[in-house]
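Okay, structure first, notes after.
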Amino acid sequence: MVVVSKPAIEQFSSYLKNNKPTTLFTQIPLVDVSKPDSKHQIIKACEEFGFFKVINHGVPMESISMLESEATKFFSLPLCEKQKTGQPQPYGYGHKRIGIQGDVGWVEYLLLTTNQDPSLHGFQTFRSVKQNTKRNGNSFCFLGVFQLYLLFFFFRVALNNYMKSVKKMACEILEMMADGLKIQPRNVLSKLLMDEESDSVFRVNHYPPCPNVQPLSGNGNGNGDVIGFGEHTDPQIISVLRSNNTSGLQISLREGSWISVPPDQTSFFINVGDSLQVMTNGRFKSVKHRVVTNSVKSRLSMIYFGGPPLSEKIAPLPSLMRGDQQSLYKEFTWFEYKKSAYNSRLADNRLIHFEKIAAS
């Protein structure tokens with residue numbers, strides 16, 4: 001669990017305590033990806049919300065349940081055991097601190113690369129735990145470390161099975177976007193995720209119940225004023241989110257108001273990322289979102305962030321530029337943008353440094 005003092009809780013609540021209560025929003029765009037004509041719904045949702053819900057996604061519930069079970073086992077370990085896996089640099093286990101610029105939240109998480117062999121990851125975890133145990137001057141208990149190694153190994157195997165289906169779904173959605181935008185080839189976006197050098201990551205966030213939360217009146221969802229994960233946009237191309245049946249996710253509408261997204265553990269939610277906003281020259285907007293805590297139930301979310309290779313140049317797609325239309329953004333590599341995002345605060349407008357200044 002996350003162990004935080006009362007003063008620390010107060011700094012989490014400072015994000016939200018002056019905001020008006022959010023309301024439960026039941027009109028989230030719903031897309032049935034098993035229907036080819038859903039491409040029009042996807043385009044509309046990306047333009048208006050930068051966010052939509054996916055059903056009939058083809059991801060087996062067995063693989064979803066298996067990964068959630070393995071993640072729950074890990075987060076159920078004592079904090080001292082989880083910390084033996086090492087601090088996130090950037091991959092690994094983290095709690096409370098988000099990034100390197102001082103952001104905090106009522107959350108603990110695992111951040112992993114998706115392009116690593118599961119057995120190799122297990123070996124590296126085993127070696128990391130052994131080194132950390134020796135460094136801290138504790139006696140090295142082979143049995144305890146080996147059990148942790150096995151837990152990570154089976155988690156990684158479950159993740160590998162899960163990712164095969166989720167990555168396939170993400171690529172199909174990107175190809176439906178290309179069809180809806182009438183751009184060729186239709187894999188112009190999905191090939192970036194399929195590339196062997198794709199810089200995609202996987203994150204599991206665990207939000208324990210927060211006893212200090214005061215339920216908001218009128219929405220009935222049990223969310224209060226303690227921040228779990230602060231407002232931000234995702235820097236990658238696309239994000240694929242699945243959570244358990246606990247509320248907490250909120251998205252910002254274009255006029256700036258916040259709405260609570262009803263949870264649905266059988267469906268996935270899709271976020272437009274900053275990179276996709278640039279590639280569509282602002283036609284699609286990356287969605288600003290956040291997570292607030294629940295006073296009774298824990299929330300577990302699993303997110304696949306589909307990113308391009310580090311050397312990939314990010315710029316508006318030429319096939320989307322019409323006539324004398326000008327690019328709104330400077331060309332940059334994914335490495336450059338990722339580095340900029342990593343060194344920024346969560347709520348910062350990261351794209352502002354890459355926007356072109358209109359000629360006066």
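Residue numbering restarts at 1 in every chain; chains get A, B, ... in the order shown in the structure tokens, and ligands count up from 1 in that same order.
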
Practice problem: Would you kindly return, as a list in words, each protein, DNA or RNA residue with an atom no farther than 9 Å from any atom of Leu112 in chain A, considering only C-alpha atoms and excluding same-chain residues fewer than 6 positions away? | Solution: Pro90, Tyr91, Gly92, Tyr93, Val201, Phe202, Arg203 and Val204 of chain A

Exercise. Write down as an NGL selection string the residues of range 157-321 of chain A whose backbone DSSP state falls under strand (DSSP E or B).
Key: :A and (198 or 201-207 or 223-232 or 238-243 or 249-252 or 258-260 or 268-272 or 289-294 or 299-306 or 309 or 313-314)

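We find CA of Arg97 in chain A and CA of Cys210 in chain A to be spaced 16.5 Å apart.
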
Exercise. Once DSSP has gone over the backbone, tell me which residues of range 256-340 of chain A are in helix (DSSP H, G or I), as a list in words.
Key: Asp274, Ser275, Leu276, Gln277, Val278, Met279, Pro318, Ser319, Leu320, Trp334, Phe335, Glu336, Tyr337, Lys338, Lys339 and Ser340 of chain A

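Within 12 Å of Phe49 in chain A, once only C-alpha atoms are used and residues closer than 6 positions along the same chain are dropped, the contacting residues are Gln27, Ile28, Pro29, Leu30, Gln41, Ile42, Ile43, Ile251, Ser252, Leu253, Arg254, Glu255, Gly256, Trp258, Ile259, Phe269, Ile270, Asn271, Val272, Gly273, Gln277, Arg283, Phe284, Lys285, Ser286, Val287, Lys288 and His289 of chain A.
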
Self-check item: Coordinates-based distance that separates CA of Thr233 in chain A from CA of Asp324 in chain A (Å, one decimal)
Solution: 29.5 Å

Practice problem: Tell me which of A:Leu110, A:Ile303, A:Ala45, A:Val278 sits closest to Arg156 in chain A, counting only C-alpha atoms. | Solution: A:Leu110

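Minimum atom-to-atom distance to Leu181 in chain A, evaluated using only C-alpha atoms, belongs to A:Leu320 out of A:Val157, A:Val54, A:Met194, A:Leu320.
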
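Remark: for Ser301 in chain A, the closest of the candidate residues A:Asp103, A:Asp264, A:Glu172, A:Glu355 is A:Asp264 (distances computed over only C-alpha atoms).
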
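Proximity to Leu328 in chain A was assessed for A:Lys35, A:Gln101, A:Met279, A:Phe152 counting only C-alpha atoms; the smallest distance is recorded for A:Met279.
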
Exercise. Excluding Lys339 in chain A and residues on its chain fewer than 6 positions from it, collect all residues at most 12 Å away from it, counting only C-alpha atoms, and give them as a VMD selection string.
Key: chain A and resid 90 99 to 100 235 310 332 to 333 350

Quiz prompt | Among the residues A:His232, A:Arg242, A:His57, A:Lys167, the one that comes closest to Arg299 in chain A [using only C-alpha atoms] | solution = A:Arg242
